[in-house]
>>> print(open('protein_2.cif').read())   # mmCIF, C-alpha atoms and all ligand atoms
data_run
#
loop_
_atom_site.label_atom_id
_atom_site.label_comp_id
_atom_site.auth_asym_id
_atom_site.auth_seq_id
_atom_site.Cartn_x
_atom_site.Cartn_y
_atom_site.Cartn_z
CA MET A 1 152.33 31.04 -70.23
CA LYS A 2 149.21 32.42 -68.57
CA LYS A 3 146.41 29.99 -69.41
CA THR A 4 143.32 32.21 -69.26
CA TYR A 5 142.09 35.65 -70.36
CA PRO A 6 143.71 38.14 -70.56
CA PHE A 7 146.40 36.20 -72.38
CA GLU A 8 149.90 37.64 -72.29
CA LEU A 9 152.95 37.34 -74.47
CA PRO A 10 155.38 35.02 -72.66
CA ALA A 11 158.96 36.27 -72.55
CA LEU A 12 161.29 34.68 -75.07
CA PRO A 13 163.28 32.14 -73.01
CA TYR A 14 166.60 33.26 -74.59
CA ALA A 15 168.06 36.36 -76.22
CA TYR A 16 166.73 37.37 -79.63
CA ASP A 17 170.10 36.62 -81.24
CA ALA A 18 170.72 33.39 -79.30
CA LEU A 19 169.68 31.06 -82.12
CA GLU A 20 172.02 32.59 -84.71
CA PRO A 21 172.93 31.64 -87.33
CA TYR A 22 170.10 29.12 -87.72
CA VAL A 23 167.26 31.42 -86.73
CA ASP A 24 168.31 35.03 -87.05
CA LYS A 25 167.84 37.86 -84.59
CA GLU A 26 165.62 40.00 -86.83
CA THR A 27 163.27 37.10 -87.55
CA ASN A 28 163.03 36.29 -83.85
CA MET A 29 162.30 39.93 -82.98
CA LEU A 30 159.52 40.25 -85.53
CA HIS A 31 158.18 36.75 -85.06
CA HIS A 32 158.00 36.89 -81.27
CA GLY A 33 157.54 40.62 -80.72
CA LYS A 34 155.07 41.35 -83.52
CA HIS A 35 153.44 38.20 -84.92
CA PHE A 36 153.07 36.33 -81.62
CA GLN A 37 151.98 39.53 -79.86
CA ALA A 38 149.32 40.08 -82.53
CA TYR A 39 147.85 36.61 -81.95
CA VAL A 40 147.70 37.36 -78.21
CA ASN A 41 146.03 40.74 -78.78
CA ASN A 42 143.54 39.39 -81.31
CA LEU A 43 142.59 36.46 -79.09
CA ASN A 44 141.97 38.81 -76.16
CA ALA A 45 139.92 41.14 -78.37
CA ALA A 46 137.81 38.21 -79.61
CA ILE A 47 136.76 37.02 -76.16
CA GLU A 48 136.78 40.35 -74.31
CA LYS A 49 132.99 40.76 -74.54
CA TYR A 50 132.27 37.19 -73.42
CA PRO A 51 132.92 37.05 -69.65
CA GLU A 52 131.75 33.43 -69.56
CA LEU A 53 134.88 32.57 -71.57
CA HIS A 54 137.33 34.43 -69.34
CA GLN A 55 137.87 31.50 -66.99
CA LYS A 56 138.39 28.96 -69.74
CA ASP A 57 141.90 27.90 -70.49
CA LEU A 58 143.30 28.04 -73.98
CA VAL A 59 143.25 24.29 -74.60
CA GLU A 60 139.62 24.11 -73.49
CA LEU A 61 138.71 26.93 -75.88
CA LEU A 62 140.50 25.28 -78.78
CA GLN A 63 139.00 21.86 -78.12
CA ASN A 64 135.47 23.27 -78.03
CA LEU A 65 135.38 25.70 -80.92
CA ASP A 66 131.89 24.54 -81.90
CA ALA A 67 130.57 25.66 -78.52
CA LEU A 68 131.76 29.25 -79.07
CA PRO A 69 129.53 32.06 -80.34
CA THR A 70 129.69 31.83 -84.15
CA GLU A 71 130.91 35.41 -84.52
CA ILE A 72 134.17 34.69 -82.69
CA ARG A 73 134.74 31.04 -83.66
CA THR A 74 137.12 31.75 -86.54
CA ALA A 75 139.01 34.42 -84.58
CA VAL A 76 139.58 32.05 -81.66
CA ARG A 77 140.57 29.20 -83.97
CA ASN A 78 143.15 31.35 -85.77
CA ASN A 79 144.44 33.50 -82.94
CA GLY A 80 144.04 31.03 -80.09
CA GLY A 81 145.80 28.49 -82.27
CA GLY A 82 148.43 31.11 -83.02
CA VAL A 83 149.03 31.66 -79.30
CA TYR A 84 149.19 27.94 -78.50
CA ASN A 85 151.44 27.10 -81.46
CA HIS A 86 153.90 29.96 -80.96
CA ASP A 87 154.17 29.39 -77.23
CA PHE A 88 155.17 25.83 -78.02
CA TYR A 89 157.47 26.73 -80.92
CA PHE A 90 159.58 29.30 -79.06
CA GLY A 91 159.83 26.92 -76.11
CA ILE A 92 161.02 23.98 -78.19
CA MET A 93 164.07 25.89 -79.44
CA THR A 94 167.22 26.52 -77.42
CA PRO A 95 170.71 27.92 -77.94
CA ASN A 96 172.05 24.92 -75.99
CA ALA A 97 170.79 22.27 -78.35
CA LEU A 98 172.05 18.71 -78.11
CA GLY A 99 171.57 17.96 -81.81
CA LYS A 100 169.79 14.67 -81.24
CA PRO A 101 167.01 13.21 -79.11
CA VAL A 102 167.66 11.75 -75.67
CA GLY A 103 166.08 9.28 -73.28
CA LYS A 104 162.85 7.45 -73.95
CA LEU A 105 162.12 9.66 -76.95
CA ALA A 106 165.43 8.76 -78.62
CA LYS A 107 164.61 5.09 -78.18
CA ALA A 108 161.05 5.53 -79.47
CA ILE A 109 162.24 7.43 -82.55
CA ASP A 110 164.71 4.65 -83.37
CA GLU A 111 162.06 1.98 -82.86
CA GLN A 112 159.24 3.69 -84.70
CA PHE A 113 161.08 5.45 -87.53
CA GLY A 114 164.13 3.19 -87.91
CA SER A 115 166.68 5.83 -86.94
CA PHE A 116 166.95 9.53 -86.09
CA GLU A 117 168.18 10.19 -89.64
CA ALA A 118 165.14 8.43 -91.10
CA PHE A 119 162.88 10.43 -88.79
CA LYS A 120 164.52 13.71 -89.80
CA GLU A 121 164.06 12.92 -93.46
CA LYS A 122 160.37 12.16 -92.95
CA PHE A 123 159.81 15.28 -90.83
CA HIS A 124 161.64 17.40 -93.40
CA LYS A 125 159.40 16.03 -96.17
CA ALA A 126 156.30 16.78 -94.14
CA ALA A 127 157.43 20.35 -93.47
CA LEU A 128 158.04 20.87 -97.18
CA SER A 129 154.77 19.25 -98.20
CA GLN A 130 152.62 21.64 -96.14
CA PHE A 131 151.24 23.84 -98.93
CA GLY A 132 151.25 27.50 -97.96
CA SER A 133 151.27 28.52 -94.31
CA GLY A 134 151.22 26.00 -91.52
CA TRP A 135 153.13 23.71 -89.23
CA ALA A 136 154.81 20.32 -89.03
CA TRP A 137 154.63 18.43 -85.75
CA LEU A 138 155.90 15.36 -84.04
CA VAL A 139 153.18 14.29 -81.61
CA ALA A 140 152.70 11.39 -79.22
CA ASP A 141 149.65 9.64 -77.86
CA LYS A 142 149.32 8.23 -74.34
CA ASP A 143 150.78 4.90 -75.44
CA GLY A 144 153.92 6.60 -76.67
CA LYS A 145 153.06 6.15 -80.33
CA LEU A 146 154.73 8.87 -82.38
CA GLN A 147 153.25 10.51 -85.44
CA ILE A 148 154.32 13.27 -87.82
CA VAL A 149 151.42 15.54 -88.75
CA THR A 150 151.00 18.86 -90.52
CA THR A 151 148.43 21.55 -89.84
CA PRO A 152 147.36 24.45 -92.08
CA ASN A 153 147.29 28.07 -90.92
CA GLN A 154 147.22 28.16 -87.09
CA ASP A 155 145.34 24.93 -86.54
CA VAL A 156 146.54 22.81 -83.62
CA PRO A 157 147.48 19.14 -84.12
CA LEU A 158 144.66 16.58 -83.92
CA ASN A 159 142.58 18.92 -81.77
CA LEU A 160 145.15 18.51 -78.96
CA THR A 161 144.13 14.93 -78.27
CA VAL A 162 147.87 14.21 -78.54
CA THR A 163 150.90 15.82 -76.91
CA PRO A 164 153.21 17.88 -79.12
CA ILE A 165 156.84 16.78 -78.96
CA ILE A 166 158.43 19.18 -81.45
CA ALA A 167 156.96 21.63 -83.96
CA ILE A 168 158.27 23.82 -86.73
CA ASP A 169 156.51 26.92 -88.00
CA VAL A 170 156.64 26.93 -91.80
CA TRP A 171 154.83 30.22 -92.35
CA GLU A 172 157.07 32.40 -94.51
CA HIS A 173 157.31 34.89 -91.61
CA ALA A 174 159.30 32.22 -89.72
CA TYR A 175 162.13 32.04 -92.28
CA TYR A 176 161.85 34.44 -95.19
CA LEU A 177 164.27 37.11 -93.97
CA ARG A 178 167.16 34.67 -93.76
CA TYR A 179 166.20 31.87 -96.12
CA GLN A 180 163.91 33.60 -98.64
CA ASN A 181 162.09 30.85 -100.56
CA ARG A 182 164.41 28.06 -99.31
CA ARG A 183 162.11 26.47 -96.78
CA GLY A 184 164.11 23.24 -96.97
CA ASP A 185 167.31 24.97 -95.78
CA TYR A 186 165.40 26.53 -92.89
CA VAL A 187 164.05 23.13 -91.83
CA LEU A 188 167.50 21.50 -92.01
CA ASN A 189 169.12 24.31 -90.01
CA TRP A 190 166.28 24.45 -87.53
CA PHE A 191 167.22 20.97 -86.31
CA ASN A 192 170.33 22.60 -84.82
CA VAL A 193 168.23 24.51 -82.29
CA VAL A 194 165.69 21.88 -81.24
CA ASN A 195 165.45 21.53 -77.47
CA TRP A 196 165.56 17.74 -77.22
CA GLU A 197 165.56 17.79 -73.42
CA LYS A 198 162.24 19.62 -73.48
CA ALA A 199 161.02 17.21 -76.19
CA GLU A 200 161.85 14.31 -73.86
CA GLU A 201 159.86 15.99 -71.05
CA GLN A 202 156.92 16.33 -73.43
CA TYR A 203 157.19 12.69 -74.40
CA GLN A 204 157.12 11.55 -70.79
CA LYS A 205 154.17 13.89 -70.15
CA ALA A 206 152.30 12.32 -73.09
CA MET A 207 152.40 8.90 -71.46
CA LYS A 208 151.18 10.02 -68.00
MN MN A 301 154.73 32.11 -86.81
#
>>> encode(input="protein_2.cif", output="C-alpha cells", more="lines below")
Ligand code: MN
Amino acid sequence: MKKTYPFELPALPYAYDALEPYVDKETNMLHHGKHFQAYVNNLNAAIEKYPELHQKDLVELLQNLDALPTEIRTAVRNNGGGVYNHDFYFGIMTPNALGKPVGKLAKAIDEQFGSFEAFKEKFHKAALSQFGSGWAWLVADKDGKLQIVTTPNQDVPLNLTVTPIIAIDVWEHAYYLRYQNRRGDYVLNWFNVVNWEKAEEQYQKAMK
C-alpha cells in the first residue's frame, strides 16, 4: 500500500469471491470497495489542507495523533486507523489457507498458549468480548512475546509499538450479510481463510 498522501485503495489480493463460503463475495465487495475506500477518501480529505503532513507515512501519523491539528485529530484516528487496519485485514486472508500456523509462529503459539486449539479458543473469546465495533488482534513484540488484544472502533493495537500477526474485523459490516448476528460463527469460519504464511512473515519481522 502507498504509505503517504494521497493514500490509495490497494487492490484486493484475490478475487472478491475467492474466500467463499467463509467470507462471501458481496461482503468482500462492499467491505473492500465501499468501506475501505471511504476510509481512504476521508483520510485524504482530512489532511489535504495540511501540506506539512503529506510526506508523513501512515504509521507516523497514527503514532503521533497528539501532534496533529486538533480539528483533524479524530478524523485521522478513525480513518487513518481504518486504512491501516483494513490494509492488514485483507492481506491476512487468503483462498490458499493452510488452516494452521507454521514455522516459528507455530512453535511460539504452542509454547505461549499451550496449543493452537487453546489459542483459537482465547482469540475467539476476545473477538466476541469486543463490545460493539472493533477488532481482535494477535500481536508480537520484538522479543517474540505474543499477545491477544482488542481495539474499539478503528483504533490500532497498542499504538503500533507491536507488530500485528493476525487481525479480525468484528464490525457488523464485516459479517452481517452472511452471518447476521452470529459473530461467533463468523470468527470460527474466518480461521479457514487466515494466511498463516503471511502471519509467519509478520512474526519474523516483529523480532528484527
Ligand atoms: Mn471493516
>>> closest_atom_pairs(input="protein_2.cif", of="stretch 117-149 of chain A", to="stretch 106-112 of chain A", cutoff="10 Å", atoms="only C-alpha atoms", output="JSON lines")
{"residue": "A:Glu117", "atom": "CA", "partner": "A:Asp110", "partner_atom": "CA", "distance": 9.1}
{"residue": "A:Ala118", "atom": "CA", "partner": "A:Asp110", "partner_atom": "CA", "distance": 8.6}
{"residue": "A:Phe119", "atom": "CA", "partner": "A:Ile109", "partner_atom": "CA", "distance": 7.0}
{"residue": "A:Lys120", "atom": "CA", "partner": "A:Ile109", "partner_atom": "CA", "distance": 9.9}
{"residue": "A:Gly144", "atom": "CA", "partner": "A:Ala108", "partner_atom": "CA", "distance": 7.7}
{"residue": "A:Lys145", "atom": "CA", "partner": "A:Gln112", "partner_atom": "CA", "distance": 8.0}
{"residue": "A:Leu146", "atom": "CA", "partner": "A:Gln112", "partner_atom": "CA", "distance": 7.2}
{"residue": "A:Gln147", "atom": "CA", "partner": "A:Gln112", "partner_atom": "CA", "distance": 9.1}
>>> closest_atom_pairs(input="protein_2.cif", of="chain A", to="ligand MN 301 (chain A)", cutoff="6 Å", atoms="all atoms listed in the file", output="CSV")
residue,atom,partner,partner_atom,distance
A:Asp169,CA,A:MN301,MN,5.6
A:Trp171,CA,A:MN301,MN,5.9
A:Ala174,CA,A:MN301,MN,5.4
>>> residues_around(input="protein_2.cif", residues="A:Asn96", least_positions_apart="5", cutoff="10 Å", atoms="all atoms listed in the file", output="ChimeraX atom specification")
/A:18-19,192-197
>>> atom_distance(input="protein_2.cif", atom1="atom CA of A:Leu62", atom2="atom CA of A:Ile92")
20.6 Å
>>> closest_atom_pairs(input="protein_2.cif", of="stretch 59-80 of chain A", to="stretch 22-41 of chain A", cutoff="10 Å", atoms="all atoms listed in the file", output="CSV")
residue,atom,partner,partner_atom,distance
A:Ala75,CA,A:Tyr39,CA,9.5
A:Val76,CA,A:Tyr39,CA,9.4
A:Asn78,CA,A:Tyr39,CA,8.0
A:Asn79,CA,A:Tyr39,CA,4.7
A:Gly80,CA,A:Tyr39,CA,7.0
>>> closest_residue(input="protein_2.cif", among="A:Gly91, A:Ile168, A:Lys122, A:Gly134", to="A:Tyr14", atoms="only C-alpha atoms")
A:Gly91
>>> residues_near_point(input="protein_2.cif", point="(159.8, 19.0, -94.1)", cutoff="9 Å", atoms="only C-alpha atoms", output="ChimeraX atom specification")
/A:120-130,136,168,170,183-184,187-188
>>> residues_near_point(input="protein_2.cif", point="(160.7, 14.8, -74.7)", cutoff="10 Å", atoms="all atoms listed in the file", output="list of chain:residue names")
A:Ile92, A:Pro101, A:Val102, A:Gly103, A:Lys104, A:Leu105, A:Ala106, A:Ala140, A:Pro164, A:Ile165, A:Ile166, A:Asn195, A:Trp196, A:Glu197, A:Lys198, A:Ala199, A:Glu200, A:Glu201, A:Gln202, A:Tyr203, A:Gln204, A:Lys205, A:Ala206
>>> closest_residue(input="protein_2.cif", among="A:Lys100, A:Gly114, A:Pro6, A:Leu160", to="A:Asn64", atoms="all atoms listed in the file")
A:Leu160
>>> closest_residue(input="protein_2.cif", among="A:Lys208, A:Phe88, A:Arg182, A:Ile47", to="A:Lys142", atoms="all atoms listed in the file")
A:Lys208
>>> closest_residue(input="protein_2.cif", among="A:Glu48, A:Ala15, A:Lys3, A:Asn189", to="A:Pro95", atoms="only C-alpha atoms")
A:Ala15
>>> axis_aligned_box(input="protein_2.cif", around="stretch 27-43 of chain A", padding_each_side="5 Å", output="AutoDock Vina command-line options")
--center_x 152.9 --center_y 38.8 --center_z -82.9 --size_x 30.7 --size_y 15.1 --size_z 19.3
>>> residues_around(input="protein_2.cif", residues="stretch 70-73 of chain A", least_positions_apart="4", cutoff="8 Å", atoms="only C-alpha atoms", output="tab-separated table (two decimals) with C-alpha atoms, in the coordinates of the input")
chain	number	residue	atom	x	y	z
A	46	ALA	CA	137.81	38.21	-79.61
A	47	ILE	CA	136.76	37.02	-76.16
A	65	LEU	CA	135.38	25.70	-80.92
A	66	ASP	CA	131.89	24.54	-81.90
A	77	ARG	CA	140.57	29.20	-83.97
>>> decode(input="protein_2.cif", residues="stretch 13-27 of chain A", atoms="all heavy atoms", output="PDB file, in the first residue's frame")
ATOM      1  N   PRO A  13      -6.025  -8.633  -2.914  1.00  0.00           N
ATOM      2  CA  PRO A  13      -5.030  -9.573  -3.450  1.00  0.00           C
ATOM      3  C   PRO A  13      -5.607 -10.913  -3.929  1.00  0.00           C
ATOM      4  O   PRO A  13      -4.856 -11.861  -4.126  1.00  0.00           O
ATOM      5  CB  PRO A  13      -4.050  -9.764  -2.277  1.00  0.00           C
ATOM      6  CG  PRO A  13      -4.787  -9.363  -1.058  1.00  0.00           C
ATOM      7  CD  PRO A  13      -5.885  -8.422  -1.471  1.00  0.00           C
ATOM      8  N   TYR A  14      -6.923 -10.992  -4.093  1.00  0.00           N
ATOM      9  CA  TYR A  14      -7.589 -12.202  -4.605  1.00  0.00           C
ATOM     10  C   TYR A  14      -8.940 -11.748  -5.141  1.00  0.00           C
ATOM     11  O   TYR A  14      -9.331 -10.601  -4.943  1.00  0.00           O
ATOM     12  CB  TYR A  14      -7.751 -13.249  -3.483  1.00  0.00           C
ATOM     13  CG  TYR A  14      -8.008 -12.642  -2.122  1.00  0.00           C
ATOM     14  CD1 TYR A  14      -9.266 -12.155  -1.769  1.00  0.00           C
ATOM     15  CD2 TYR A  14      -6.968 -12.485  -1.204  1.00  0.00           C
ATOM     16  CE1 TYR A  14      -9.483 -11.549  -0.547  1.00  0.00           C
ATOM     17  CE2 TYR A  14      -7.185 -11.878   0.028  1.00  0.00           C
ATOM     18  CZ  TYR A  14      -8.448 -11.420   0.345  1.00  0.00           C
ATOM     19  OH  TYR A  14      -8.663 -10.806   1.556  1.00  0.00           O
ATOM     20  N   ALA A  15      -9.641 -12.664  -5.801  1.00  0.00           N
ATOM     21  CA  ALA A  15     -10.954 -12.303  -6.350  1.00  0.00           C
ATOM     22  C   ALA A  15     -11.961 -12.081  -5.218  1.00  0.00           C
ATOM     23  O   ALA A  15     -11.818 -12.642  -4.130  1.00  0.00           O
ATOM     24  CB  ALA A  15     -11.443 -13.408  -7.278  1.00  0.00           C
ATOM     25  N   TYR A  16     -12.986 -11.278  -5.499  1.00  0.00           N
ATOM     26  CA  TYR A  16     -13.980 -10.981  -4.471  1.00  0.00           C
ATOM     27  C   TYR A  16     -14.665 -12.236  -3.923  1.00  0.00           C
ATOM     28  O   TYR A  16     -15.034 -12.287  -2.766  1.00  0.00           O
ATOM     29  CB  TYR A  16     -15.040 -10.005  -5.008  1.00  0.00           C
ATOM     30  CG  TYR A  16     -14.544  -8.581  -5.051  1.00  0.00           C
ATOM     31  CD1 TYR A  16     -14.363  -7.912  -6.267  1.00  0.00           C
ATOM     32  CD2 TYR A  16     -14.250  -7.894  -3.874  1.00  0.00           C
ATOM     33  CE1 TYR A  16     -13.896  -6.607  -6.306  1.00  0.00           C
ATOM     34  CE2 TYR A  16     -13.784  -6.584  -3.898  1.00  0.00           C
ATOM     35  CZ  TYR A  16     -13.615  -5.948  -5.120  1.00  0.00           C
ATOM     36  OH  TYR A  16     -13.151  -4.660  -5.146  1.00  0.00           O
ATOM     37  N   ASP A  17     -14.804 -13.255  -4.787  1.00  0.00           N
ATOM     38  CA  ASP A  17     -15.497 -14.469  -4.327  1.00  0.00           C
ATOM     39  C   ASP A  17     -14.528 -15.558  -3.859  1.00  0.00           C
ATOM     40  O   ASP A  17     -14.937 -16.682  -3.571  1.00  0.00           O
ATOM     41  CB  ASP A  17     -16.407 -15.014  -5.439  1.00  0.00           C
ATOM     42  CG  ASP A  17     -15.621 -15.450  -6.666  1.00  0.00           C
ATOM     43  OD1 ASP A  17     -14.380 -15.281  -6.687  1.00  0.00           O
ATOM     44  OD2 ASP A  17     -16.248 -15.958  -7.614  1.00  0.00           O
ATOM     45  N   ALA A  18     -13.245 -15.228  -3.757  1.00  0.00           N
ATOM     46  CA  ALA A  18     -12.228 -16.252  -3.502  1.00  0.00           C
ATOM     47  C   ALA A  18     -12.271 -16.829  -2.092  1.00  0.00           C
ATOM     48  O   ALA A  18     -11.711 -17.901  -1.851  1.00  0.00           O
ATOM     49  CB  ALA A  18     -10.835 -15.679  -3.769  1.00  0.00           C
ATOM     50  N   LEU A  19     -12.908 -16.119  -1.164  1.00  0.00           N
ATOM     51  CA  LEU A  19     -12.922 -16.596   0.224  1.00  0.00           C
ATOM     52  C   LEU A  19     -14.230 -17.296   0.586  1.00  0.00           C
ATOM     53  O   LEU A  19     -14.463 -17.637   1.751  1.00  0.00           O
ATOM     54  CB  LEU A  19     -12.663 -15.434   1.189  1.00  0.00           C
ATOM     55  CG  LEU A  19     -11.390 -14.617   0.940  1.00  0.00           C
ATOM     56  CD1 LEU A  19     -11.285 -13.479   1.957  1.00  0.00           C
ATOM     57  CD2 LEU A  19     -10.142 -15.482   0.969  1.00  0.00           C
ATOM     58  N   GLU A  20     -15.074 -17.519  -0.435  1.00  0.00           N
ATOM     59  CA  GLU A  20     -16.320 -18.259  -0.216  1.00  0.00           C
ATOM     60  C   GLU A  20     -15.986 -19.671   0.270  1.00  0.00           C
ATOM     61  O   GLU A  20     -14.977 -20.234  -0.173  1.00  0.00           O
ATOM     62  CB  GLU A  20     -17.111 -18.358  -1.539  1.00  0.00           C
ATOM     63  CG  GLU A  20     -17.695 -17.047  -2.022  1.00  0.00           C
ATOM     64  CD  GLU A  20     -19.073 -16.751  -1.422  1.00  0.00           C
ATOM     65  OE1 GLU A  20     -19.536 -17.507  -0.522  1.00  0.00           O
ATOM     66  OE2 GLU A  20     -19.670 -15.756  -1.853  1.00  0.00           O
ATOM     67  N   PRO A  21     -16.792 -20.275   1.105  1.00  0.00           N
ATOM     68  CA  PRO A  21     -18.038 -19.729   1.662  1.00  0.00           C
ATOM     69  C   PRO A  21     -17.831 -18.992   2.987  1.00  0.00           C
ATOM     70  O   PRO A  21     -18.795 -18.557   3.588  1.00  0.00           O
ATOM     71  CB  PRO A  21     -18.862 -21.002   1.915  1.00  0.00           C
ATOM     72  CG  PRO A  21     -17.824 -22.007   2.326  1.00  0.00           C
ATOM     73  CD  PRO A  21     -16.586 -21.671   1.519  1.00  0.00           C
ATOM     74  N   TYR A  22     -16.579 -18.848   3.405  1.00  0.00           N
ATOM     75  CA  TYR A  22     -16.333 -18.329   4.763  1.00  0.00           C
ATOM     76  C   TYR A  22     -16.545 -16.824   4.851  1.00  0.00           C
ATOM     77  O   TYR A  22     -17.127 -16.324   5.796  1.00  0.00           O
ATOM     78  CB  TYR A  22     -14.919 -18.710   5.211  1.00  0.00           C
ATOM     79  CG  TYR A  22     -14.654 -20.179   5.016  1.00  0.00           C
ATOM     80  CD1 TYR A  22     -13.709 -20.633   4.088  1.00  0.00           C
ATOM     81  CD2 TYR A  22     -15.388 -21.117   5.735  1.00  0.00           C
ATOM     82  CE1 TYR A  22     -13.493 -21.990   3.894  1.00  0.00           C
ATOM     83  CE2 TYR A  22     -15.186 -22.471   5.547  1.00  0.00           C
ATOM     84  CZ  TYR A  22     -14.233 -22.905   4.626  1.00  0.00           C
ATOM     85  OH  TYR A  22     -14.036 -24.237   4.432  1.00  0.00           O
ATOM     86  N   VAL A  23     -16.012 -16.118   3.859  1.00  0.00           N
ATOM     87  CA  VAL A  23     -16.299 -14.691   3.716  1.00  0.00           C
ATOM     88  C   VAL A  23     -16.890 -14.538   2.317  1.00  0.00           C
ATOM     89  O   VAL A  23     -16.250 -14.893   1.329  1.00  0.00           O
ATOM     90  CB  VAL A  23     -15.022 -13.836   3.872  1.00  0.00           C
ATOM     91  CG1 VAL A  23     -15.349 -12.357   3.704  1.00  0.00           C
ATOM     92  CG2 VAL A  23     -14.370 -14.077   5.236  1.00  0.00           C
ATOM     93  N   ASP A  24     -18.106 -14.062   2.256  1.00  0.00           N
ATOM     94  CA  ASP A  24     -18.841 -14.087   0.986  1.00  0.00           C
ATOM     95  C   ASP A  24     -18.471 -12.928   0.065  1.00  0.00           C
ATOM     96  O   ASP A  24     -17.948 -11.895   0.497  1.00  0.00           O
ATOM     97  CB  ASP A  24     -20.344 -14.102   1.251  1.00  0.00           C
ATOM     98  CG  ASP A  24     -20.776 -12.874   2.030  1.00  0.00           C
ATOM     99  OD1 ASP A  24     -20.431 -12.772   3.220  1.00  0.00           O
ATOM    100  OD2 ASP A  24     -21.423 -11.999   1.419  1.00  0.00           O
ATOM    101  N   LYS A  25     -18.765 -13.158  -1.218  1.00  0.00           N
ATOM    102  CA  LYS A  25     -18.423 -12.207  -2.269  1.00  0.00           C
ATOM    103  C   LYS A  25     -19.037 -10.818  -2.033  1.00  0.00           C
ATOM    104  O   LYS A  25     -18.354  -9.801  -2.147  1.00  0.00           O
ATOM    105  CB  LYS A  25     -18.919 -12.756  -3.610  1.00  0.00           C
ATOM    106  CG  LYS A  25     -18.656 -11.848  -4.787  1.00  0.00           C
ATOM    107  CD  LYS A  25     -19.229 -12.433  -6.070  1.00  0.00           C
ATOM    108  CE  LYS A  25     -18.917 -11.521  -7.254  1.00  0.00           C
ATOM    109  NZ  LYS A  25     -19.510 -12.043  -8.495  1.00  0.00           N
ATOM    110  N   GLU A  26     -20.319 -10.787  -1.677  1.00  0.00           N
ATOM    111  CA  GLU A  26     -20.983  -9.490  -1.513  1.00  0.00           C
ATOM    112  C   GLU A  26     -20.365  -8.694  -0.356  1.00  0.00           C
ATOM    113  O   GLU A  26     -20.159  -7.482  -0.459  1.00  0.00           O
ATOM    114  CB  GLU A  26     -22.482  -9.712  -1.293  1.00  0.00           C
ATOM    115  CG  GLU A  26     -23.287  -8.461  -1.573  1.00  0.00           C
ATOM    116  CD  GLU A  26     -24.773  -8.662  -1.353  1.00  0.00           C
ATOM    117  OE1 GLU A  26     -25.200  -9.786  -0.996  1.00  0.00           O
ATOM    118  OE2 GLU A  26     -25.503  -7.665  -1.527  1.00  0.00           O
ATOM    119  N   THR A  27     -20.075  -9.385   0.724  1.00  0.00           N
ATOM    120  CA  THR A  27     -19.417  -8.716   1.860  1.00  0.00           C
ATOM    121  C   THR A  27     -18.064  -8.173   1.440  1.00  0.00           C
ATOM    122  O   THR A  27     -17.736  -7.013   1.723  1.00  0.00           O
ATOM    123  CB  THR A  27     -19.255  -9.690   3.051  1.00  0.00           C
ATOM    124  OG1 THR A  27     -20.556 -10.039   3.527  1.00  0.00           O
ATOM    125  CG2 THR A  27     -18.444  -9.071   4.188  1.00  0.00           C
TER     126      THR A  27
END
